[in-house]
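Undergrad: Sharing run_19.txt here; it has compact mmCIF, C-alpha atoms.
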# COMPACT_ATOMS: atom_id res chain seq x y z
CA MET U 1 0.00 0.00 0.00
CA SER U 2 2.80 2.39 0.88
CA ARG U 3 4.48 1.68 -2.46
CA ILE U 4 1.24 2.44 -4.30
CA SER U 5 0.86 5.68 -2.34
CA THR U 6 4.47 6.62 -3.11
CA ALA U 7 3.98 5.88 -6.81
CA ARG U 8 0.88 8.05 -6.90
CA GLY U 9 2.75 10.78 -5.06
CA VAL U 10 5.36 10.79 -7.82
CA TRP U 11 3.39 10.15 -10.98
CA LEU U 12 0.60 12.63 -10.31
CA PRO U 13 2.91 15.68 -10.13
CA VAL U 14 4.97 14.31 -13.04
CA ALA U 15 1.81 14.04 -15.13
CA ALA U 16 0.74 17.57 -14.14
CA TRP U 17 4.22 18.84 -14.99
CA ALA U 18 4.16 17.11 -18.40
CA VAL U 19 0.75 18.53 -19.34
CA THR U 20 1.54 22.10 -18.27
CA ARG U 21 4.97 22.08 -19.90
CA ALA U 22 3.51 20.76 -23.13
CA VAL U 23 1.26 23.83 -23.21
CA VAL U 24 4.20 26.14 -22.46
CA LEU U 25 6.25 24.54 -25.24
CA LEU U 26 3.38 24.94 -27.69
CA CYS U 27 3.33 28.64 -26.79
CA VAL U 28 7.05 29.27 -27.28
CA LEU U 29 6.97 27.28 -30.53
CA ARG U 30 4.11 29.55 -31.65
CA VAL U 31 1.64 26.71 -32.12
CA LEU U 32 -0.53 28.38 -29.48
CA VAL U 33 -0.35 32.17 -29.64
CA LEU U 34 -1.23 34.37 -26.69
CA PRO U 35 -2.38 37.96 -27.20
CA GLY U 36 0.27 40.63 -26.90
CA PRO U 37 3.92 40.83 -27.99
CA ASP U 38 5.90 37.78 -29.03
CA VAL U 39 7.88 36.80 -25.92
CA THR U 40 10.18 34.50 -27.91
CA THR U 41 12.06 37.28 -29.72
CA ASP U 42 14.46 37.55 -26.79
CA VAL U 43 15.68 34.06 -27.69
CA SER U 44 15.40 34.07 -31.47
CA VAL U 45 16.79 37.59 -31.94
CA ILE U 46 18.63 38.92 -28.88
CA TYR U 47 20.08 35.71 -27.43
CA GLN U 48 21.00 34.39 -30.84
CA GLY U 49 22.70 37.69 -31.66
CA TRP U 50 24.71 37.46 -28.45
CA PHE U 51 25.51 33.85 -29.29
CA ASP U 52 27.07 34.93 -32.58
CA VAL U 53 29.16 37.60 -30.83
CA LEU U 54 30.26 35.37 -27.95
CA LYS U 55 31.48 32.72 -30.38
CA THR U 56 34.03 35.23 -31.63
CA GLY U 57 35.65 35.38 -28.19
CA THR U 58 34.31 38.67 -26.84
CA PHE U 59 31.32 39.83 -24.82
CA PRO U 60 28.71 42.02 -26.60
CA LEU U 61 30.44 45.29 -25.76
CA ALA U 62 28.54 47.27 -28.37
CA ASP U 63 25.13 46.18 -27.05
CA VAL U 64 23.89 48.03 -23.94
CA THR U 65 21.18 45.37 -23.49
CA TRP U 66 23.92 42.98 -22.34
CA GLN U 67 23.46 43.61 -18.62
CA TYR U 68 24.41 40.27 -17.16
CA PRO U 69 27.41 38.89 -15.25
CA PRO U 70 30.00 36.98 -17.27
CA ALA U 71 28.76 33.43 -16.54
CA ALA U 72 25.56 34.35 -18.40
CA ALA U 73 27.62 33.72 -21.52
CA LEU U 74 27.46 30.00 -20.69
CA ALA U 75 23.67 30.06 -20.70
CA ILE U 76 23.60 31.95 -24.00
CA LEU U 77 26.15 29.58 -25.58
CA SER U 78 24.53 26.41 -24.20
CA PRO U 79 22.27 25.75 -27.24
CA GLY U 80 25.50 25.04 -29.11
CA LEU U 81 25.50 21.72 -27.23
CA LEU U 82 22.65 20.66 -29.53
CA PRO U 83 24.06 21.48 -32.99
CA PHE U 84 21.40 19.37 -34.71
CA LEU U 85 18.75 21.93 -33.65
CA ASP U 86 18.33 25.57 -34.55
CA TYR U 87 19.18 28.01 -31.77
CA ALA U 88 15.69 28.67 -30.39
CA PRO U 89 14.47 25.02 -30.30
CA ALA U 90 17.78 24.01 -28.72
CA PHE U 91 17.38 26.69 -26.04
CA TYR U 92 13.82 25.57 -25.23
CA THR U 93 14.96 21.95 -25.05
CA LEU U 94 17.65 22.80 -22.51
CA ILE U 95 15.18 24.85 -20.46
CA LEU U 96 12.79 21.89 -20.46
CA LEU U 97 15.53 19.54 -19.24
CA THR U 98 16.53 22.00 -16.52
CA ASP U 99 12.89 22.31 -15.47
CA ALA U 100 12.68 18.52 -15.18
CA VAL U 101 15.80 18.41 -13.00
CA VAL U 102 14.31 20.99 -10.63
CA LEU U 103 11.10 18.97 -10.38
CA ALA U 104 13.15 15.86 -9.55
CA LEU U 105 14.89 17.75 -6.74
CA PHE U 106 11.58 18.78 -5.22
CA LEU U 107 10.05 15.32 -5.57
CA ARG U 108 13.03 13.72 -3.88
CA ALA U 109 13.05 16.30 -1.11
CA GLY U 110 9.33 15.93 -0.50
CA ARG U 111 9.63 12.24 0.40
CA ARG U 112 12.00 12.84 3.31
CA PRO U 113 11.01 13.20 6.99
CA GLY U 114 10.37 16.76 8.05
CA HIS U 115 9.48 17.79 4.51
CA ARG U 116 6.49 17.62 2.23
CA PRO U 117 5.76 17.31 -1.50
CA ALA U 118 3.95 20.66 -1.68
CA GLY U 119 7.10 22.35 -2.96
CA ALA U 120 6.93 20.34 -6.19
CA TRP U 121 3.37 21.56 -6.74
CA VAL U 122 4.41 25.18 -6.14
CA TRP U 123 7.09 24.76 -8.80
CA ILE U 124 4.71 23.09 -11.26
CA ALA U 125 2.05 25.77 -10.79
CA GLY U 126 4.42 28.75 -10.69
CA VAL U 127 6.18 28.04 -13.98
CA ALA U 128 2.87 27.25 -15.66
CA LEU U 129 1.27 30.47 -14.36
CA LEU U 130 4.07 32.58 -15.83
CA GLY U 131 3.41 31.02 -19.23
CA PRO U 132 5.79 31.14 -22.20
CA THR U 133 8.01 33.79 -20.59
CA ALA U 134 9.29 31.07 -18.24
CA TYR U 135 10.85 29.21 -21.17
CA ALA U 136 11.81 32.24 -23.25
CA ARG U 137 14.41 33.56 -20.75
CA TYR U 138 17.41 31.93 -19.12
CA ASP U 139 16.20 32.73 -15.58
CA LEU U 140 14.89 29.20 -15.08
CA MET U 141 18.47 27.95 -15.34
CA VAL U 142 19.56 30.43 -12.67
CA THR U 143 16.71 29.40 -10.39
CA ALA U 144 17.70 25.76 -10.79
CA VAL U 145 21.19 26.56 -9.48
CA ALA U 146 19.69 28.45 -6.52
CA VAL U 147 17.35 25.59 -5.60
CA ALA U 148 20.21 23.07 -5.78
CA ALA U 149 22.35 25.32 -3.56
CA LEU U 150 19.68 25.56 -0.86
CA PHE U 151 19.21 21.79 -0.78
CA ALA U 152 22.97 21.27 -0.52
CA ALA U 153 23.69 23.93 2.09
CA VAL U 154 23.55 22.09 5.40
CA ARG U 155 25.64 18.99 4.79
CA ARG U 156 27.61 20.06 1.73
CA PRO U 157 28.45 23.71 2.35
CA ARG U 158 31.35 23.76 -0.10
CA VAL U 159 29.08 22.54 -2.89
CA ALA U 160 26.44 25.07 -1.86
CA GLY U 161 28.97 27.89 -1.76
CA ALA U 162 30.24 27.04 -5.23
CA LEU U 163 26.67 26.88 -6.58
CA ILE U 164 25.78 30.22 -5.00
CA ALA U 165 28.86 31.86 -6.51
CA PHE U 166 28.14 30.35 -9.91
CA GLY U 167 24.51 31.50 -9.69
CA ALA U 168 25.60 35.02 -8.74
CA LEU U 169 27.84 35.13 -11.81
CA LEU U 170 24.87 34.03 -13.89
CA LYS U 171 22.52 36.76 -12.65
CA VAL U 172 23.69 38.32 -9.35
CA TRP U 173 20.56 37.67 -7.25
CA PRO U 174 21.58 34.16 -6.00
CA ALA U 175 24.13 35.96 -3.82
CA LEU U 176 21.12 36.73 -1.62
CA LEU U 177 21.06 33.06 -0.62
CA LEU U 178 23.91 33.93 1.75
CA THR U 179 21.58 36.18 3.77
CA GLY U 180 20.67 33.42 6.21
CA ALA U 181 24.03 31.64 6.23
CA ALA U 182 25.00 31.98 9.86
CA GLY U 183 27.25 30.59 12.52
CA ARG U 184 30.94 30.61 13.29
CA GLY U 185 31.57 26.90 12.84
CA ARG U 186 33.43 24.92 10.25
CA ARG U 187 30.42 24.61 7.94
CA ALA U 188 29.81 28.34 7.82
CA ARG U 189 33.44 29.02 7.05
CA ALA U 190 33.40 26.33 4.37
CA LEU U 191 30.36 27.86 2.67
CA TRP U 192 31.64 31.43 2.74
CA TRP U 193 35.17 30.52 1.63
CA SER U 194 33.81 28.28 -1.12
CA ALA U 195 31.50 31.04 -2.37
CA ALA U 196 34.22 33.69 -2.24
CA GLY U 197 36.88 31.48 -3.81
CA THR U 198 34.61 30.26 -6.60
CA ALA U 199 33.38 33.77 -7.39
CA ALA U 200 36.92 35.14 -7.50
CA GLY U 201 38.23 32.28 -9.59
CA LEU U 202 35.39 32.39 -12.12
CA THR U 203 35.56 36.17 -12.40
CA LEU U 204 39.28 36.08 -13.10
CA PHE U 205 38.71 33.34 -15.65
CA PHE U 206 36.08 35.31 -17.56
CA VAL U 207 38.09 38.55 -17.42
CA ALA U 208 41.11 36.74 -18.83
CA ALA U 209 39.10 34.75 -21.36
CA ALA U 210 37.32 37.59 -23.16
CA PRO U 211 37.17 41.40 -23.14
CA GLY U 212 34.07 43.03 -21.67
CA ALA U 213 33.35 40.54 -18.89
CA LEU U 214 32.48 43.33 -16.43
CA ALA U 215 30.77 45.72 -18.86
CA PHE U 216 27.40 44.75 -17.37
CA LEU U 217 28.16 46.89 -14.30
CA THR U 218 27.97 50.12 -16.30
CA PHE U 219 24.98 49.04 -18.37
CA GLN U 220 22.98 48.09 -15.25
CA ARG U 221 23.85 51.34 -13.50
CA ASP U 222 22.33 53.38 -16.30
CA ARG U 223 18.93 51.65 -16.29
CA GLY U 224 15.85 53.72 -15.51
CA THR U 225 12.33 53.08 -14.17
CA GLU U 226 10.79 50.22 -16.13
CA VAL U 227 7.04 50.40 -16.82
CA GLU U 228 6.19 47.32 -14.74
CA SER U 229 8.04 48.36 -11.59
CA LEU U 230 6.53 49.58 -8.35
CA GLY U 231 7.88 53.09 -8.90
CA ALA U 232 6.37 53.19 -12.38
CA LEU U 233 2.87 53.27 -10.88
CA ALA U 234 3.39 56.94 -9.96
CA PHE U 235 3.94 57.81 -13.62
CA HIS U 236 1.08 55.62 -14.84
CA PHE U 237 -1.23 57.64 -12.59
CA ALA U 238 0.49 60.93 -13.47
CA ARG U 239 -0.17 60.32 -17.17
CA GLN U 240 -3.89 60.46 -16.41
CA PHE U 241 -3.37 64.08 -15.33
CA GLY U 242 -1.20 65.32 -18.17
CA TRP U 243 2.32 64.27 -17.18
CA GLN U 244 4.53 65.01 -20.17
CA GLY U 245 6.93 62.09 -19.97
CA GLN U 246 6.99 59.15 -22.35
CA VAL U 247 7.69 55.43 -22.59
CA LEU U 248 10.68 54.47 -24.72
CA LEU U 249 12.81 51.40 -25.33
CA HIS U 250 15.82 52.18 -23.15
CA TYR U 251 18.62 49.80 -22.16
CA GLY U 252 16.67 46.80 -23.38
CA SER U 253 13.30 47.46 -21.73
CA LEU U 254 10.43 49.91 -21.93
CA GLU U 255 11.10 52.65 -19.40
CA PHE U 256 9.59 55.95 -18.37
CA LEU U 257 11.63 58.99 -19.39
CA GLY U 258 10.74 62.52 -18.35
CA PRO U 259 10.26 64.82 -15.36
CA GLY U 260 10.56 63.11 -12.00
CA VAL U 261 11.92 59.81 -13.27
CA PRO U 262 15.39 60.27 -11.70
CA VAL U 263 13.68 60.98 -8.38
CA ALA U 264 11.74 57.72 -8.67
CA GLY U 265 15.00 55.89 -9.32
CA THR U 266 16.51 57.44 -6.21
CA VAL U 267 13.49 56.41 -4.14
CA ALA U 268 13.77 52.84 -5.44
CA LEU U 269 17.44 52.75 -4.52
CA THR U 270 16.63 54.14 -1.07
CA LEU U 271 14.03 51.43 -0.52
CA SER U 272 16.56 48.77 -1.53
CA LEU U 273 19.06 50.22 0.94
CA ALA U 274 16.34 50.21 3.59
CA ALA U 275 15.82 46.52 2.82
CA VAL U 276 19.54 45.94 3.40
CA GLY U 277 19.26 47.76 6.71
CA TRP U 278 16.28 45.67 7.81
CA LEU U 279 18.04 42.42 6.89
CA PHE U 280 21.11 43.51 8.84
CA LEU U 281 18.96 44.37 11.85
CA TRP U 282 17.18 41.02 11.61
CA ARG U 283 20.46 39.16 11.54
CA VAL U 284 21.80 41.04 14.56
CA ARG U 285 18.60 40.51 16.56
CA ALA U 286 17.95 36.90 15.53
CA ARG U 287 18.08 34.61 18.56
CA GLU U 288 17.21 31.16 17.29
CA LEU U 289 18.17 29.87 13.87
CA GLY U 290 16.15 26.85 12.82
CA PRO U 291 16.05 24.33 9.98
CA ALA U 292 14.14 26.72 7.71
CA THR U 293 16.12 29.91 8.37
CA LEU U 294 18.38 29.64 5.34
CA CYS U 295 15.56 29.29 2.79
CA GLU U 296 13.28 31.76 4.61
CA ALA U 297 15.97 34.42 4.64
CA ALA U 298 16.83 33.83 0.99
CA PHE U 299 13.15 34.05 -0.01
CA THR U 300 12.57 37.20 2.05
CA ALA U 301 15.69 38.98 0.80
CA THR U 302 14.91 38.18 -2.84
CA LEU U 303 11.32 39.36 -2.37
CA LEU U 304 12.50 42.65 -0.92
CA PHE U 305 14.99 43.38 -3.66
CA THR U 306 12.63 42.32 -6.44
CA THR U 307 9.79 44.47 -5.12
CA THR U 308 11.94 47.58 -4.61
CA SER U 309 13.83 47.23 -7.90
CA ARG U 310 13.61 49.82 -10.67
CA VAL U 311 12.84 46.87 -12.96
CA ILE U 312 10.38 44.04 -12.31
CA SER U 313 10.56 42.05 -15.50
CA PRO U 314 8.11 39.11 -15.70
CA GLN U 315 10.84 36.47 -15.54
CA TYR U 316 11.88 37.75 -12.11
CA MET U 317 8.86 35.90 -10.76
CA LEU U 318 10.69 32.63 -11.49
CA TRP U 319 13.24 33.48 -8.80
CA LEU U 320 10.49 33.92 -6.25
CA VAL U 321 8.62 30.80 -7.33
CA GLY U 322 11.72 28.64 -6.95
CA LEU U 323 12.58 29.98 -3.49
CA ALA U 324 8.94 29.84 -2.39
CA ALA U 325 8.84 26.18 -3.44
CA VAL U 326 11.90 25.40 -1.31
CA CYS U 327 10.28 27.14 1.67
CA VAL U 328 7.05 25.20 1.26
CA THR U 329 9.02 21.94 1.06
CA VAL U 330 10.40 22.42 4.59
CA ARG U 331 7.63 21.79 7.15
CA ALA U 332 9.23 24.09 9.74
CA CYS U 333 9.05 27.04 7.34
CA ARG U 334 6.48 29.75 8.05
CA GLN U 335 6.38 31.30 4.57
CA THR U 336 3.38 29.45 3.13
CA LEU U 337 1.10 32.50 2.87
CA PRO U 338 3.76 34.70 1.21
CA ALA U 339 4.43 31.79 -1.17
CA VAL U 340 0.73 31.70 -2.10
CA LEU U 341 0.78 35.45 -2.71
CA VAL U 342 3.79 34.99 -4.99
CA LEU U 343 1.86 32.38 -7.00
CA LEU U 344 -1.08 34.77 -7.34
CA ALA U 345 1.27 37.55 -8.42
CA THR U 346 2.80 35.22 -11.01
CA GLY U 347 -0.62 34.53 -12.52
CA VAL U 348 -1.39 38.25 -12.69
CA THR U 349 2.02 38.79 -14.31
CA LEU U 350 0.96 36.59 -17.24
CA LEU U 351 -2.06 38.84 -17.71
CA GLU U 352 -0.02 42.05 -17.70
CA PHE U 353 2.72 40.53 -19.86
CA PRO U 354 2.18 39.58 -22.56
CA VAL U 355 -1.63 39.52 -22.64
CA ARG U 356 -2.30 43.16 -21.68
CA PHE U 357 1.12 44.66 -22.15
CA ALA U 358 -0.12 47.19 -24.71
CA ASP U 359 -2.49 48.53 -22.04
CA VAL U 360 0.39 48.71 -19.56
CA VAL U 361 2.58 50.69 -21.96
CA ALA U 362 -0.29 53.06 -22.75
CA SER U 363 -1.17 53.46 -19.04
CA ASP U 364 -4.67 52.27 -19.86
CA PRO U 365 -6.78 51.71 -16.71
CA LYS U 366 -6.96 47.97 -17.37
CA GLY U 367 -3.21 47.64 -17.60
CA VAL U 368 -2.61 49.88 -14.60
CA ALA U 369 -5.11 47.88 -12.54
CA LEU U 370 -3.20 44.68 -13.29
CA LEU U 371 0.06 46.32 -12.22
CA VAL U 372 -1.54 47.59 -9.01
CA VAL U 373 -2.72 44.08 -8.17
CA ARG U 374 0.56 42.36 -9.09
CA ASN U 375 2.81 44.86 -7.33
CA GLY U 376 0.42 45.05 -4.40
CA LEU U 377 0.67 41.28 -3.97
CA LEU U 378 4.47 41.53 -4.02
CA VAL U 379 4.44 44.28 -1.39
CA ALA U 380 2.09 42.25 0.81
CA ALA U 381 4.22 39.12 0.36
CA SER U 382 7.37 41.07 1.24
CA LEU U 383 5.91 42.51 4.45
CA LEU U 384 4.48 39.14 5.53
CA ALA U 385 7.75 37.36 4.76
CA CYS U 386 9.68 39.90 6.86
CA ARG U 387 7.28 39.55 9.76
CA ARG U 388 7.38 35.76 9.71
CA LEU U 389 11.16 35.58 9.33
CA TRP U 390 11.56 37.92 12.32
CA ALA U 391 9.12 35.87 14.42
CA SER U 392 10.65 32.52 13.47
CA THR U 393 14.10 33.56 14.65
CA LYS U 394 12.98 35.54 17.67
CA ASP U 395 11.97 32.57 19.78
CA GLY U 396 12.63 29.54 17.64
CA GLY U 397 9.23 29.54 15.94
CA PRO U 398 6.40 27.03 16.32
CA GLY U 399 7.22 23.85 18.13
CA ASP U 400 10.33 25.29 19.74
CA ASP U 401 11.49 23.22 22.71
CA GLY U 402 14.20 25.51 23.93
CA PRO U 403 17.57 26.80 22.81
CA ARG U 404 19.10 25.31 19.69
CA ASP U 405 22.54 25.33 18.20
CA GLY U 406 21.41 26.66 14.85
CA ALA U 407 19.96 23.37 13.62
CA GLY U 408 19.61 23.28 9.88
CA VAL U 409 21.55 26.50 9.41
CA VAL U 410 24.99 26.58 7.89
CA GLY U 411 27.40 26.83 10.74
CA ALA U 412 25.47 24.57 13.11
CA ARG U 413 27.70 22.00 14.77
CA LYS U 414 24.99 19.40 15.39
CA PRO U 415 21.23 18.93 14.95
CA ALA U 416 19.28 19.71 18.08
CA ASP U 417 16.09 17.69 17.64
CA GLY U 418 14.26 15.23 15.39
CA MET U 419 13.08 17.83 12.91
CA ALA U 420 16.55 19.25 12.49
CA THR U 421 17.97 15.76 12.03
CA ALA U 422 15.42 15.12 9.29
CA ALA U 423 16.31 18.42 7.63
CA THR U 424 19.99 17.55 7.74
CA ARG U 425 19.40 14.15 6.17
CA LEU U 426 17.18 15.66 3.49
CA THR U 427 19.63 18.24 2.31
CA ASP U 428 22.35 15.59 2.13
CA ALA U 429 20.13 13.24 0.13
CA ALA U 430 18.63 15.91 -2.10
CA ALA U 431 21.88 17.67 -2.83
CA PRO U 432 22.89 17.59 -6.50
CA PRO U 433 25.92 15.60 -7.64
CA ARG U 434 29.30 17.18 -7.07
CA THR U 435 29.73 17.86 -10.78
CA PRO U 436 28.90 21.44 -11.72
CA ALA U 437 25.23 22.13 -12.45
CA PRO U 438 24.34 22.91 -16.08
CA PRO U 439 24.34 26.62 -16.77
CA ALA U 440 21.10 27.97 -15.97
CA ALA U 441 16.72 37.98 -18.45
CA ARG U 442 15.24 39.79 -20.65
Before we go any further, please render this structure as structure tokens.
TA:
Amino acid sequence: MSRISTARGVWLPVAAWAVTRAVVLLCVLRVLVLPGPDVTTDVSVIYQGWFDVLKTGTFPLADVTWQYPPAAALAILSPGLLPFLDYAPAFYTLILLTDAVVLALFLRAGRRPGHRPAGAWVWIAGVALLGPTAYARYDLMVTAVAVAALFAAVRRPRVAGALIAFGALLKVWPALLLTGAAGRGRRARALWWSAAGTAAGLTLFFVAAAPGALAFLTFQRDRGTEVESLGALAFHFARQFGWQGQVLLHYGSLEFLGPGVPVAGTVALTLSLAAVGWLFLWRVRARELGPATLCEAAFTATLLFTTTSRVISPQYMLWLVGLAAVCVTVRACRQTLPAVLVLLATGVTLLEFPVRFADVVASDPKGVALLVVRNGLLVAASLLACRRLWASTKDGGPGDDGPRDGAGVVGARKPADGMATAATRLTDAAAPPRTPAPPAAR
């Protein structure tokens, strides 16, 4: 009976994954066409153009839309591993395989004590809710690296550190996974040294290998307020009252340009700095670090920086979906409600891009309403995640039986109770092989 139950627990999510991914593939292959702009041009035009430049041994220095760390070149070049396919179909095939690997990680994790299979369902639903954008950007590859790093962190800190560094050199944000890495023990030192050493080594390699490896720093600095961001709502409303600015393609995305836009950028930066300050305060005041602290802190930090960013491109939701799924997998985690809000925001994101993107660009009330709902959900999720992270580390969270030695957190010397032991065993079993993960933006 238990074997039958286990089989059902595996095959049902696999079947759901297969059906939803078939629909996504039909969309990116243009068999099914959603209203709005063609989301696949990033792959067939921009990525393929970068591919042609990167093959010559240099980064796309003449293209200001290249705003990614140097390891992103591996993701862009990866379709070359399938020379029998054209660039776009090869890219979608690799994304599909990466998606399947992430599902396997969640399914394996969900069968272990102290964990649950709900994380796999969050991943299945989240990618499906984002629609074809999920497969038409390389962000799913980055999220796969982040998920693997979180599962490896407790018992294999060196592997986790290397994965975090690699992820950060793919798209910066996985560096936020270090937010909850705490403790002064051997494991903490191993993770931090591994992350620092890998990041330094890879950066030196890319700088030596090709000119322009660090050009993304300048291109990112010059970005403005993108039309889907939280700060953009002020200008969407201002346009209803005669604001004289405009929306133009600028640094690879549609941004507001005009009076007051620099001020909005400064406010966004200030909010991001305030998020840094809150995370620092949380870390200083945290008393008890439990088995879910690492993933909760990573999820909360990424939520904060995504929500306060000058740019909230649709594919950014993949980052949050992946981290939310990890949180939901760990029973001790208290981030279920914020994870649900992220899923709702992901579904609304599909409606605003691509379905109603013309309304968004025109500041039409329908498009603005979708942005208000999506960004409002992100704000609510961010505040709830902060509150729950603070509470969970203030007194050990629900089911706390007294002081712990940082069970389940990098740096802990030993598990303190049954739940922490289960978490330790899970992360060891669910950790990816020691070979480097396959390379995981608009």
Undergrad: Would you give the centre and edge lengths, in Å to one decimal, of a box along x, y and z around the listed atoms of range 135-142 of chain U, with 5 Å added to each side, as AutoDock Vina command-line options?
TA:
--center_x 15.2 --center_y 30.8 --center_z -18.0 --size_x 18.7 --size_y 15.6 --size_z 20.6
Undergrad: Nearest to Ala292 in chain U: which of U:Ala120, U:Leu323, U:Met317, U:Ala369 is it, counting all atoms listed in the file?
TA: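 Among U:Ala120, U:Leu323, U:Met317, U:Ala369, it is U:Leu323 that comes nearest to Ala292 in chain U.
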Undergrad: Let me make sure I understand: among U:Leu343, U:Leu351, U:Ala16, U:Ala385, which one has the smallest atom-to-atom distance to Gly126 in chain U if we use all atoms listed in the file?
TA: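 For Gly126 in chain U, the nearest of the candidates is U:Leu343.
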Undergrad: Would you mind reading off the distance between CA of Ser229 in chain U and CA of Pro35 in chain U, one decimal, in Å?
TA: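 So the two atoms, CA of Ser229 in chain U and CA of Pro35 in chain U, lie 21.5 Å apart.
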Undergrad: Write out as a Markdown table a residue-level contact list of range 297-381 of chain U versus range 262-270 of chain U with cut-off 10 Å: for each qualifying residue the closest pair of atoms and the distance in Å to one decimal, counting all atoms listed in the file, rows sorted by chain and residue number upward.
TA:
| residue | atom | partner | partner_atom | distance |
| --- | --- | --- | --- | --- |
| U:Phe305 | CA | U:Ala268 | CA | 9.7 |
| U:Thr307 | CA | U:Ala268 | CA | 9.3 |
| U:Thr308 | CA | U:Ala268 | CA | 5.6 |
| U:Ser309 | CA | U:Ala268 | CA | 6.1 |
| U:Arg310 | CA | U:Ala268 | CA | 6.0 |
| U:Val311 | CA | U:Ala268 | CA | 9.6 |
Undergrad: Can you give me N, CA, C and O atoms for range 299-312 of chain U, written as a compact mmCIF listing (two decimals), in the frame of the given file?
TA:
# COMPACT_ATOMS: atom_id res chain seq x y z
N PHE U 299 14.43 33.69 0.60
CA PHE U 299 13.15 34.05 -0.01
C PHE U 299 12.78 35.49 0.33
O PHE U 299 12.40 36.29 -0.54
N THR U 300 12.93 35.86 1.61
CA THR U 300 12.57 37.20 2.05
C THR U 300 13.46 38.25 1.40
O THR U 300 12.97 39.29 0.91
N ALA U 301 14.77 38.01 1.39
CA ALA U 301 15.69 38.98 0.80
C ALA U 301 15.42 39.18 -0.69
O ALA U 301 15.40 40.31 -1.19
N THR U 302 15.17 38.08 -1.40
CA THR U 302 14.91 38.18 -2.84
C THR U 302 13.59 38.90 -3.10
O THR U 302 13.48 39.69 -4.04
N LEU U 303 12.59 38.63 -2.26
CA LEU U 303 11.32 39.36 -2.37
C LEU U 303 11.53 40.85 -2.20
O LEU U 303 11.01 41.67 -2.99
N LEU U 304 12.28 41.23 -1.19
CA LEU U 304 12.50 42.65 -0.92
C LEU U 304 13.19 43.35 -2.07
O LEU U 304 12.78 44.44 -2.49
N PHE U 305 14.24 42.72 -2.59
CA PHE U 305 14.99 43.38 -3.66
C PHE U 305 14.25 43.36 -4.99
O PHE U 305 14.40 44.28 -5.80
N THR U 306 13.45 42.34 -5.22
CA THR U 306 12.63 42.32 -6.44
C THR U 306 11.57 43.41 -6.39
O THR U 306 11.36 44.16 -7.35
N THR U 307 10.90 43.52 -5.26
CA THR U 307 9.79 44.47 -5.12
C THR U 307 10.27 45.92 -5.19
O THR U 307 9.59 46.78 -5.76
N THR U 308 11.45 46.20 -4.63
CA THR U 308 11.94 47.58 -4.61
C THR U 308 12.79 47.94 -5.83
O THR U 308 13.25 49.08 -5.95
N SER U 309 12.98 46.99 -6.74
CA SER U 309 13.83 47.23 -7.90
C SER U 309 13.23 48.25 -8.86
O SER U 309 12.01 48.41 -8.94
N ARG U 310 14.08 48.92 -9.61
CA ARG U 310 13.61 49.82 -10.67
C ARG U 310 13.03 49.03 -11.84
O ARG U 310 12.37 49.60 -12.71
N VAL U 311 13.30 47.73 -11.87
CA VAL U 311 12.84 46.87 -12.96
C VAL U 311 12.23 45.62 -12.35
O VAL U 311 12.88 44.94 -11.56
N ILE U 312 10.98 45.32 -12.70
CA ILE U 312 10.38 44.04 -12.31
C ILE U 312 9.94 43.35 -13.59
O ILE U 312 8.76 43.37 -13.97
